[in-house]
Amino acid sequence: MGLTIGVDIGGTKIAAGVVDEEGNILSTHKVPTPGTAEGIVDAIASAVEGARAGHDIVGVGIGAAGYVNRQRSEVYFAPNIHWRNEPLKEKVETRVGLPVVVENDANAAAWGEYKFGAGKGHRNVICITLGTGLGGGIIIGNKLRRGHFGVAAEFGHIRMVPDGLLCGCGSQGCWEQYASGRALVRYAKQRANATPENAEILLGLGDGSPDGIEGKHISMAARQGDPVAVDSYRELARWAGAGLADLASLFDPSAFIVGGGLSDEGELVLDPIRKSYKRWLVGGNWRPVADVIAAQLGNKAGLVGAADLAREPDPIM
């Protein structure tokens with residue numbers, strides 16, 4: 001179909017990139033993320049116009065954090081932008097004069113990894129993104145599965161612990177409260193407070209107090225063998241692996257692709273996740289076990305995936 005543009009809406013910047021049919025990014029244009037919902041629509045249009053200069057573009061795919069309808073046109077609800085039943089497709093099309101599709105950002109990243117990254121060669125993969133929160137995407141039979149209403153794969157809000165920790169979604173005990181960047185920092189602070197003698201390296205990387213611990217400190221300290229940092233990763237991996245075991249019972253994929261910022265830590269996080277996954281997988285000693293592999297595209301996955309999904313037929317058809 002030719003060249004398309006993918007749009008990634010971040011907290012500080014909006015990036016648009018021209019992507020070819022092999023997943024290569026040919027040009028990009030970035031603009032600051034405005035503070036208003038309508039300002040973000042204008043910024044998306046500006047980023048698209050900046051990226052398309054000198055290229056013949058056939059469509060635009062936008063990755064948006066939130067619930068997107070099955071028609072890929074409207075954002076039902078976005079947690080970090082005041083979008084409620086937002087007709088994003090129509091508004092951006094009016095501004096740029098190109099066909100637009102809207103995708104959930106985790107779905108877009110999952111598709112990018114499946115098509116051009118770690119998922120190449122697989123027909124059935126489940127992607128999870130371990131970042132500040134926890135998201136994911138479902139590819140079964142080489143197709144992105146959005147569900148009847150378009151809002152499937154909100155894995156982070158599976159209730160892992162009845163009446164557990166309060167989540168930003170308003171529920172309690174959601175998976176992302178136990179397996180995410182926020183959870184990792186919470187584990188480290190709790191452990192450093194309880195046994196500061198086991199967190200000397202970790203505390204030394206911050207301001208000396210548990211409250212000063214940040215995610216980057218935990219990674220650095222774990223690589224130096226800090227007991228509290230290592231144990232914090234193990235706790236996160238225990239919950240992440242247990243969740244993958246549940247997803248295996250539902251979807252039986254050939255591979256789980258782990259993306260998001262925490263996947264950048266490589267085997268530091270992946271190895272204990274694999275061990276936990278096998279520990280909790282029902283019948284794990286007697287059945288095939290899906291691979292647990294690192295994502296390959298990094299922060300490009302969402303942009304590349306959104307651009308490629310702009311070439312995909314309407315899922316309603």
# chains A, B, ... in the order shown; residues from 1 in each chain; ligands from 1
$ residues_around --residues "Lys216 (chain A)" --least-positions-apart "2" --cutoff "10 Å" --atoms "only C-alpha atoms" --output "ChimeraX atom specification"
/A:185,202,205-206,213-214,218-221
$ write_last_selection --atoms "C-alpha atoms" --output "PDB file, in the first residue's frame"
ATOM      1  CA  VAL A 185      10.104   1.067  43.244  1.00  0.00           C
ATOM      2  CA  LEU A 202      20.993   1.137  46.573  1.00  0.00           C
ATOM      3  CA  LEU A 205      22.847   5.866  44.649  1.00  0.00           C
ATOM      4  CA  GLY A 206      20.027   8.110  45.870  1.00  0.00           C
ATOM      5  CA  ILE A 213      15.068   5.517  45.575  1.00  0.00           C
ATOM      6  CA  GLU A 214      14.240   5.703  41.867  1.00  0.00           C
ATOM      7  CA  ILE A 218      17.397  -0.216  41.503  1.00  0.00           C
ATOM      8  CA  SER A 219      18.752  -1.352  38.149  1.00  0.00           C
ATOM      9  CA  MET A 220      22.256  -0.052  38.866  1.00  0.00           C
ATOM     10  CA  ALA A 221      22.300  -1.518  42.375  1.00  0.00           C
TER      11      ALA A 221
END
$ residues_around --residues "region 55-57 of chain A" --least-positions-apart "2" --cutoff "10 Å" --atoms "only C-alpha atoms" --output "number ranges by chain"
A: 1-5, 18-20, 26-27, 51-53, 59-60, 98-99
$ closest_residue --among "A:Val48, A:Gly97, A:Gly119, A:Gly150" --to "Val75 (chain A)" --atoms "only C-alpha atoms"
A:Gly150
$ residues_around --residues "Leu236 (chain A)" --least-positions-apart "2" --cutoff "9 Å" --atoms "only C-alpha atoms" --output "number ranges by chain"
A: 178-181, 183-184, 187, 231-234, 238-241, 269, 272-273
$ write_last_selection --atoms "all heavy atoms" --output "CSV table (one decimal), in the first residue's frame"
chain,number,residue,atom,x,y,z
A,178,TYR,N,1.4,-4.9,41.0
A,178,TYR,CA,2.3,-5.9,41.5
A,178,TYR,C,3.4,-6.2,40.5
A,178,TYR,O,4.5,-6.8,40.9
A,178,TYR,CB,1.6,-7.2,41.9
A,178,TYR,CG,0.5,-7.0,42.9
A,178,TYR,CD1,-0.8,-6.6,42.5
A,178,TYR,CD2,0.8,-7.0,44.3
A,178,TYR,CE1,-1.7,-6.3,43.5
A,178,TYR,CE2,-0.1,-6.7,45.2
A,178,TYR,CZ,-1.4,-6.4,44.8
A,178,TYR,OH,-2.4,-6.1,45.8
A,179,ALA,N,3.2,-5.9,39.2
A,179,ALA,CA,4.2,-6.1,38.2
A,179,ALA,C,4.3,-4.9,37.2
A,179,ALA,O,3.7,-4.9,36.2
A,179,ALA,CB,3.9,-7.4,37.4
A,180,SER,N,5.1,-3.9,37.7
A,180,SER,CA,5.3,-2.7,36.9
A,180,SER,C,6.4,-1.9,37.5
A,180,SER,O,7.0,-2.3,38.5
A,180,SER,CB,4.0,-1.9,36.9
A,180,SER,OG,3.8,-1.4,38.2
A,181,GLY,N,6.8,-0.9,36.8
A,181,GLY,CA,7.9,0.0,37.3
A,181,GLY,C,7.5,0.6,38.7
A,181,GLY,O,8.3,0.7,39.6
A,183,ALA,N,5.5,-0.7,40.9
A,183,ALA,CA,5.6,-1.8,41.9
A,183,ALA,C,7.1,-2.0,42.3
A,183,ALA,O,7.4,-2.2,43.5
A,183,ALA,CB,5.0,-3.0,41.3
A,184,LEU,N,8.0,-2.0,41.3
A,184,LEU,CA,9.4,-2.3,41.6
A,184,LEU,C,9.9,-1.3,42.6
A,184,LEU,O,10.6,-1.6,43.6
A,184,LEU,CB,10.2,-2.3,40.3
A,184,LEU,CG,11.7,-2.5,40.5
A,184,LEU,CD1,12.0,-3.9,40.9
A,184,LEU,CD2,12.4,-2.2,39.1
A,187,TYR,N,8.5,-1.9,46.1
A,187,TYR,CA,9.2,-3.1,46.7
A,187,TYR,C,10.6,-2.6,47.3
A,187,TYR,O,10.9,-3.0,48.4
A,187,TYR,CB,9.4,-4.2,45.7
A,187,TYR,CG,8.2,-4.8,45.2
A,187,TYR,CD1,8.1,-5.3,43.8
A,187,TYR,CD2,7.1,-5.0,46.0
A,187,TYR,CE1,7.0,-5.9,43.3
A,187,TYR,CE2,5.9,-5.6,45.4
A,187,TYR,CZ,5.9,-6.0,44.1
A,187,TYR,OH,4.8,-6.6,43.6
A,231,ASP,N,16.4,-8.6,45.2
A,231,ASP,CA,15.2,-9.2,45.8
A,231,ASP,C,13.9,-8.4,45.3
A,231,ASP,O,12.9,-9.1,45.0
A,231,ASP,CB,15.2,-9.2,47.3
A,231,ASP,CG,14.0,-9.9,47.9
A,231,ASP,OD1,13.8,-11.1,47.6
A,231,ASP,OD2,13.3,-9.3,48.7
A,232,SER,N,14.0,-7.2,45.0
A,232,SER,CA,12.9,-6.4,44.5
A,232,SER,C,12.6,-6.9,43.1
A,232,SER,O,11.4,-7.0,42.7
A,232,SER,CB,13.2,-4.9,44.5
A,232,SER,OG,13.4,-4.4,45.8
A,233,TYR,N,13.6,-7.1,42.3
A,233,TYR,CA,13.4,-7.6,40.9
A,233,TYR,C,12.7,-9.0,41.0
A,233,TYR,O,11.9,-9.4,40.2
A,233,TYR,CB,14.7,-7.7,40.1
A,233,TYR,CG,15.0,-6.4,39.4
A,233,TYR,CD1,16.0,-5.6,39.8
A,233,TYR,CD2,14.2,-6.1,38.2
A,233,TYR,CE1,16.2,-4.4,39.1
A,233,TYR,CE2,14.5,-4.9,37.5
A,233,TYR,CZ,15.5,-4.1,37.9
A,233,TYR,OH,15.7,-2.9,37.2
A,234,ARG,N,13.2,-9.8,41.9
A,234,ARG,CA,12.6,-11.2,42.1
A,234,ARG,C,11.1,-11.1,42.4
A,234,ARG,O,10.3,-11.9,41.9
A,234,ARG,CB,13.4,-11.9,43.1
A,234,ARG,CG,14.7,-12.4,42.7
A,234,ARG,CD,15.5,-13.1,43.8
A,234,ARG,NE,16.8,-13.5,43.4
A,234,ARG,CZ,17.8,-13.8,44.3
A,234,ARG,NH1,17.6,-13.7,45.6
A,234,ARG,NH2,19.0,-14.2,43.8
A,238,ARG,N,8.2,-12.5,40.2
A,238,ARG,CA,7.2,-13.5,40.7
A,238,ARG,C,5.8,-13.2,40.3
A,238,ARG,O,5.1,-14.1,39.8
A,238,ARG,CB,7.3,-13.6,42.2
A,238,ARG,CG,6.4,-14.6,42.9
A,238,ARG,CD,6.7,-14.7,44.4
A,238,ARG,NE,6.2,-13.6,45.1
A,238,ARG,CZ,4.9,-13.6,45.6
A,238,ARG,NH1,4.1,-14.6,45.4
A,238,ARG,NH2,4.5,-12.5,46.3
A,239,TRP,N,5.4,-12.0,40.4
A,239,TRP,CA,4.1,-11.6,40.0
A,239,TRP,C,3.9,-11.6,38.5
A,239,TRP,O,2.9,-12.0,37.9
A,239,TRP,CB,3.7,-10.2,40.5
A,239,TRP,CG,3.4,-10.2,42.0
A,239,TRP,CD1,4.3,-9.8,43.0
A,239,TRP,CD2,2.2,-10.6,42.6
A,239,TRP,NE1,3.7,-10.0,44.2
A,239,TRP,CE2,2.4,-10.5,44.0
A,239,TRP,CE3,1.0,-11.1,42.2
A,239,TRP,CZ2,1.4,-10.8,45.0
A,239,TRP,CZ3,0.0,-11.5,43.1
A,239,TRP,CH2,0.2,-11.3,44.5
A,240,ALA,N,4.9,-11.1,37.8
A,240,ALA,CA,4.8,-11.1,36.3
A,240,ALA,C,4.7,-12.5,35.7
A,240,ALA,O,3.9,-12.8,34.9
A,240,ALA,CB,6.1,-10.4,35.7
A,241,GLY,N,5.5,-13.4,36.2
A,241,GLY,CA,5.5,-14.8,35.8
A,241,GLY,C,4.2,-15.5,36.1
A,241,GLY,O,3.7,-16.3,35.3
A,269,VAL,N,15.7,-9.2,34.5
A,269,VAL,CA,14.3,-9.4,34.8
A,269,VAL,C,13.7,-10.6,34.1
A,269,VAL,O,12.8,-11.2,34.6
A,269,VAL,CB,13.5,-8.1,34.4
A,269,VAL,CG1,13.6,-7.8,32.9
A,269,VAL,CG2,12.1,-8.1,34.9
A,272,PRO,N,14.3,-14.4,35.9
A,272,PRO,CA,13.3,-14.7,37.0
A,272,PRO,C,11.9,-14.8,36.6
A,272,PRO,O,11.1,-15.5,37.2
A,272,PRO,CB,13.6,-13.6,38.1
A,272,PRO,CG,14.3,-12.5,37.4
A,272,PRO,CD,15.0,-13.2,36.2
A,273,ILE,N,11.5,-14.0,35.6
A,273,ILE,CA,10.1,-14.1,35.1
A,273,ILE,C,9.9,-15.5,34.5
A,273,ILE,O,8.8,-16.1,34.7
A,273,ILE,CB,9.8,-13.0,34.0
A,273,ILE,CG1,9.7,-11.7,34.7
A,273,ILE,CG2,8.5,-13.4,33.2
A,273,ILE,CD1,9.5,-10.5,33.7
$ atom_distance --atom1 "CA of Ala78 (chain A)" --atom2 "CA of Glu21 (chain A)"
29.3 Å
$ atom_distance --atom1 "CA of Cys169 (chain A)" --atom2 "CA of Ala245 (chain A)"
23.5 Å
$ select_by_dssp --residues "region 34-239 of chain A" --states "strand (DSSP E or B)" --output "PyMOL selection string"
chain A and resi 57-64+67-68+75-77+84-86+100-104+125-130+134-140+143-144+159+166+172+174
$ write_last_selection --atoms "N, CA, C and O atoms" --output "compact mmCIF listing (two decimals), in the first residue's frame"
# COMPACT_ATOMS: atom_id res chain seq x y z
N ILE A 57 2.16 9.81 1.19
CA ILE A 57 1.60 9.08 2.33
C ILE A 57 0.18 8.61 2.00
O ILE A 57 -0.63 9.39 1.48
N VAL A 58 -0.11 7.34 2.39
CA VAL A 58 -1.44 6.80 2.09
C VAL A 58 -2.34 6.69 3.32
O VAL A 58 -3.54 6.43 3.19
N GLY A 59 -1.79 6.86 4.52
CA GLY A 59 -2.62 6.76 5.71
C GLY A 59 -1.83 7.04 6.97
O GLY A 59 -0.59 7.08 6.96
N VAL A 60 -2.55 7.21 8.07
CA VAL A 60 -1.96 7.54 9.37
C VAL A 60 -2.53 6.60 10.42
O VAL A 60 -3.75 6.36 10.46
N GLY A 61 -1.67 6.07 11.27
CA GLY A 61 -2.10 5.28 12.42
C GLY A 61 -1.67 5.97 13.70
O GLY A 61 -0.51 6.36 13.84
N ILE A 62 -2.59 6.14 14.64
CA ILE A 62 -2.31 6.83 15.90
C ILE A 62 -2.41 5.83 17.05
O ILE A 62 -3.42 5.15 17.21
N GLY A 63 -1.34 5.73 17.85
CA GLY A 63 -1.38 4.92 19.05
C GLY A 63 -1.78 5.77 20.24
O GLY A 63 -1.07 6.71 20.59
N ALA A 64 -2.92 5.46 20.84
CA ALA A 64 -3.45 6.26 21.95
C ALA A 64 -3.62 5.40 23.19
O ALA A 64 -4.16 4.29 23.12
N TYR A 67 -9.01 3.34 25.97
CA TYR A 67 -9.94 2.40 25.36
C TYR A 67 -10.38 2.96 24.01
O TYR A 67 -10.97 4.04 23.93
N VAL A 68 -10.09 2.22 22.95
CA VAL A 68 -10.41 2.63 21.58
C VAL A 68 -11.49 1.70 21.03
O VAL A 68 -11.41 0.48 21.20
N VAL A 75 -11.87 7.31 20.86
CA VAL A 75 -11.30 6.94 22.15
C VAL A 75 -12.42 7.04 23.19
O VAL A 75 -12.89 8.13 23.50
N TYR A 76 -12.84 5.87 23.69
CA TYR A 76 -13.88 5.88 24.71
C TYR A 76 -13.43 6.63 25.97
O TYR A 76 -14.16 7.44 26.53
N PHE A 77 -12.20 6.31 26.38
CA PHE A 77 -11.70 6.85 27.65
C PHE A 77 -10.18 6.80 27.63
O PHE A 77 -9.59 5.79 27.26
N ARG A 84 -13.09 11.70 26.38
CA ARG A 84 -14.23 10.86 26.71
C ARG A 84 -15.09 10.80 25.46
O ARG A 84 -15.64 11.80 25.02
N ASN A 85 -15.19 9.59 24.86
CA ASN A 85 -15.89 9.43 23.58
C ASN A 85 -15.37 10.43 22.54
O ASN A 85 -16.13 11.10 21.84
N GLU A 86 -14.05 10.51 22.45
CA GLU A 86 -13.37 11.47 21.59
C GLU A 86 -13.30 10.96 20.15
O GLU A 86 -12.71 9.91 19.88
N VAL A 100 -7.21 8.03 8.53
CA VAL A 100 -6.62 7.86 9.86
C VAL A 100 -7.28 6.67 10.55
O VAL A 100 -8.50 6.48 10.44
N VAL A 101 -6.49 5.87 11.23
CA VAL A 101 -7.03 4.86 12.15
C VAL A 101 -6.42 5.12 13.53
O VAL A 101 -5.30 5.62 13.65
N VAL A 102 -7.18 4.80 14.55
CA VAL A 102 -6.73 4.97 15.93
C VAL A 102 -6.61 3.59 16.56
O VAL A 102 -7.51 2.75 16.41
N GLU A 103 -5.50 3.33 17.22
CA GLU A 103 -5.26 2.06 17.88
C GLU A 103 -4.88 2.30 19.33
O GLU A 103 -4.25 3.32 19.65
N ASN A 104 -5.22 1.38 20.21
CA ASN A 104 -4.65 1.40 21.55
C ASN A 104 -3.13 1.31 21.44
O ASN A 104 -2.60 0.54 20.63
N VAL A 125 1.08 -14.97 19.55
CA VAL A 125 1.93 -14.39 20.58
C VAL A 125 1.09 -13.48 21.48
O VAL A 125 0.10 -12.89 21.06
N ILE A 126 1.51 -13.41 22.72
CA ILE A 126 0.95 -12.45 23.67
C ILE A 126 2.08 -11.50 24.06
O ILE A 126 3.17 -11.94 24.42
N CYS A 127 1.83 -10.21 23.95
CA CYS A 127 2.81 -9.20 24.32
C CYS A 127 2.38 -8.53 25.62
O CYS A 127 1.19 -8.24 25.80
N ILE A 128 3.33 -8.32 26.50
CA ILE A 128 3.06 -7.48 27.66
C ILE A 128 4.12 -6.38 27.71
O ILE A 128 5.27 -6.59 27.32
N THR A 129 3.71 -5.21 28.14
CA THR A 129 4.63 -4.09 28.29
C THR A 129 4.75 -3.78 29.77
O THR A 129 3.77 -3.42 30.42
N LEU A 130 5.96 -3.97 30.29
CA LEU A 130 6.24 -3.67 31.68
C LEU A 130 6.92 -2.31 31.75
O LEU A 130 8.12 -2.18 31.53
N LEU A 134 1.22 -1.60 33.22
CA LEU A 134 1.33 -2.89 32.52
C LEU A 134 0.25 -2.94 31.45
O LEU A 134 -0.94 -2.80 31.74
N GLY A 135 0.66 -3.11 30.19
CA GLY A 135 -0.27 -3.23 29.08
C GLY A 135 0.01 -4.48 28.29
O GLY A 135 0.84 -5.30 28.67
N GLY A 136 -0.68 -4.62 27.16
CA GLY A 136 -0.43 -5.81 26.36
C GLY A 136 -1.20 -5.84 25.07
O GLY A 136 -1.93 -4.90 24.73
N GLY A 137 -1.01 -6.92 24.34
CA GLY A 137 -1.69 -7.12 23.07
C GLY A 137 -1.78 -8.60 22.75
O GLY A 137 -0.94 -9.40 23.21
N ILE A 138 -2.78 -8.97 21.98
CA ILE A 138 -3.06 -10.36 21.65
C ILE A 138 -2.99 -10.54 20.14
O ILE A 138 -3.73 -9.89 19.40
N ILE A 139 -2.11 -11.41 19.68
CA ILE A 139 -2.08 -11.78 18.26
C ILE A 139 -2.33 -13.28 18.18
O ILE A 139 -1.51 -14.08 18.68
N ILE A 140 -3.44 -13.67 17.63
CA ILE A 140 -3.81 -15.07 17.47
C ILE A 140 -4.13 -15.32 16.00
O ILE A 140 -4.92 -14.58 15.41
N LYS A 143 -3.52 -12.39 13.58
CA LYS A 143 -4.42 -11.23 13.62
C LYS A 143 -4.40 -10.61 15.00
O LYS A 143 -4.35 -11.31 16.02
N LEU A 144 -4.46 -9.29 15.04
CA LEU A 144 -4.58 -8.56 16.29
C LEU A 144 -6.01 -8.69 16.79
O LEU A 144 -6.96 -8.34 16.08
N ARG A 159 -7.63 -8.55 37.94
CA ARG A 159 -7.51 -8.50 39.40
C ARG A 159 -6.76 -9.74 39.89
O ARG A 159 -7.28 -10.84 39.91
N LEU A 166 -5.03 -0.50 45.89
CA LEU A 166 -5.87 0.37 45.07
C LEU A 166 -5.11 0.74 43.80
O LEU A 166 -3.94 1.11 43.83
N GLN A 172 -9.22 -2.64 42.73
CA GLN A 172 -8.21 -3.06 43.71
C GLN A 172 -7.57 -4.37 43.27
O GLN A 172 -8.24 -5.25 42.74
N CYS A 174 -5.16 -4.94 41.01
CA CYS A 174 -4.85 -5.11 39.59
C CYS A 174 -3.40 -5.59 39.42
O CYS A 174 -2.51 -5.22 40.18
$ atom_distance --atom1 "CA of Ile257 (chain A)" --atom2 "CA of Gln296 (chain A)"
9.1 Å
$ closest_residue --among "A:Leu281, A:Ala47, A:Asp42, A:Ala255" --to "Ala16 (chain A)" --atoms "only C-alpha atoms"
A:Ala47
$ residues_around --residues "region 312-314 of chain A" --least-positions-apart "3" --cutoff "9 Å" --atoms "only C-alpha atoms" --output "JSON list (two decimals) with N, CA, C and O atoms, in the first residue's frame"
[["chain", "number", "residue", "atom", "x", "y", "z"],
["A", 71, "GLN", "N", -14.14, 0.13, 15.83],
["A", 71, "GLN", "CA", -14.05, 0.76, 14.50],
["A", 71, "GLN", "C", -12.76, 1.55, 14.32],
["A", 71, "GLN", "O", -12.53, 2.10, 13.25],
["A", 72, "ARG", "N", -11.93, 1.63, 15.37],
["A", 72, "ARG", "CA", -10.65, 2.33, 15.32],
["A", 72, "ARG", "C", -10.84, 3.80, 14.98],
["A", 72, "ARG", "O", -10.08, 4.38, 14.21],
["A", 308, "ASP", "N", 1.88, 0.51, 10.59],
["A", 308, "ASP", "CA", 1.55, -0.69, 9.81],
["A", 308, "ASP", "C", 0.07, -1.04, 9.93],
["A", 308, "ASP", "O", -0.54, -1.51, 8.96],
["A", 309, "LEU", "N", -0.52, -0.80, 11.09],
["A", 309, "LEU", "CA", -1.94, -1.09, 11.26],
["A", 309, "LEU", "C", -2.81, -0.16, 10.42],
["A", 309, "LEU", "O", -3.96, -0.48, 10.14],
["A", 317, "MET", "N", -14.96, -5.56, 9.01],
["A", 317, "MET", "CA", -15.33, -6.23, 7.76],
["A", 317, "MET", "C", -15.10, -7.73, 7.86],
["A", 317, "MET", "O", -14.22, -8.19, 8.52]]
$ decode --residues "region 60-69 of chain A" --atoms "all heavy atoms" --output "short mmCIF file (atom, residue, chain, number, x, y, z; two decimals), in the first residue's frame"
data_model
loop_
_atom_site.label_atom_id
_atom_site.label_comp_id
_atom_site.auth_asym_id
_atom_site.auth_seq_id
_atom_site.Cartn_x
_atom_site.Cartn_y
_atom_site.Cartn_z
N VAL A 60 -2.55 7.21 8.07
CA VAL A 60 -1.96 7.54 9.37
C VAL A 60 -2.53 6.60 10.42
O VAL A 60 -3.75 6.36 10.46
CB VAL A 60 -2.26 9.00 9.77
CG1 VAL A 60 -1.72 9.31 11.17
CG2 VAL A 60 -1.70 9.97 8.75
N GLY A 61 -1.67 6.07 11.27
CA GLY A 61 -2.10 5.28 12.42
C GLY A 61 -1.67 5.97 13.70
O GLY A 61 -0.51 6.36 13.84
N ILE A 62 -2.59 6.14 14.64
CA ILE A 62 -2.31 6.83 15.90
C ILE A 62 -2.41 5.83 17.05
O ILE A 62 -3.42 5.15 17.21
CB ILE A 62 -3.31 7.97 16.14
CG1 ILE A 62 -3.25 9.00 15.01
CG2 ILE A 62 -3.04 8.65 17.49
CD1 ILE A 62 -4.36 10.03 15.09
N GLY A 63 -1.34 5.73 17.85
CA GLY A 63 -1.38 4.92 19.05
C GLY A 63 -1.78 5.77 20.24
O GLY A 63 -1.07 6.71 20.59
N ALA A 64 -2.92 5.46 20.84
CA ALA A 64 -3.45 6.26 21.95
C ALA A 64 -3.62 5.40 23.19
O ALA A 64 -4.16 4.29 23.12
CB ALA A 64 -4.80 6.87 21.56
N ALA A 65 -3.15 5.89 24.32
CA ALA A 65 -3.33 5.19 25.59
C ALA A 65 -4.77 5.35 26.04
O ALA A 65 -5.22 6.46 26.31
CB ALA A 65 -2.38 5.73 26.64
N GLY A 66 -5.50 4.26 26.08
CA GLY A 66 -6.90 4.33 26.48
C GLY A 66 -7.73 3.28 25.76
O GLY A 66 -7.20 2.44 25.02
N TYR A 67 -9.01 3.34 25.97
CA TYR A 67 -9.94 2.40 25.36
C TYR A 67 -10.38 2.96 24.01
O TYR A 67 -10.97 4.04 23.93
CB TYR A 67 -11.17 2.20 26.24
CG TYR A 67 -10.91 1.42 27.51
CD1 TYR A 67 -11.94 1.19 28.42
CD2 TYR A 67 -9.66 0.90 27.80
CE1 TYR A 67 -11.72 0.46 29.57
CE2 TYR A 67 -9.44 0.18 28.96
CZ TYR A 67 -10.47 -0.05 29.84
OH TYR A 67 -10.25 -0.77 30.99
N VAL A 68 -10.09 2.22 22.95
CA VAL A 68 -10.41 2.63 21.58
C VAL A 68 -11.49 1.70 21.03
O VAL A 68 -11.41 0.48 21.20
CB VAL A 68 -9.15 2.57 20.68
CG1 VAL A 68 -9.49 2.95 19.25
CG2 VAL A 68 -8.06 3.49 21.24
N ASN A 69 -12.47 2.27 20.35
CA ASN A 69 -13.57 1.43 19.88
C ASN A 69 -13.13 0.50 18.75
O ASN A 69 -12.07 0.66 18.15
CB ASN A 69 -14.79 2.28 19.45
CG ASN A 69 -14.53 3.09 18.18
OD1 ASN A 69 -13.43 3.15 17.65
ND2 ASN A 69 -15.58 3.74 17.71
#
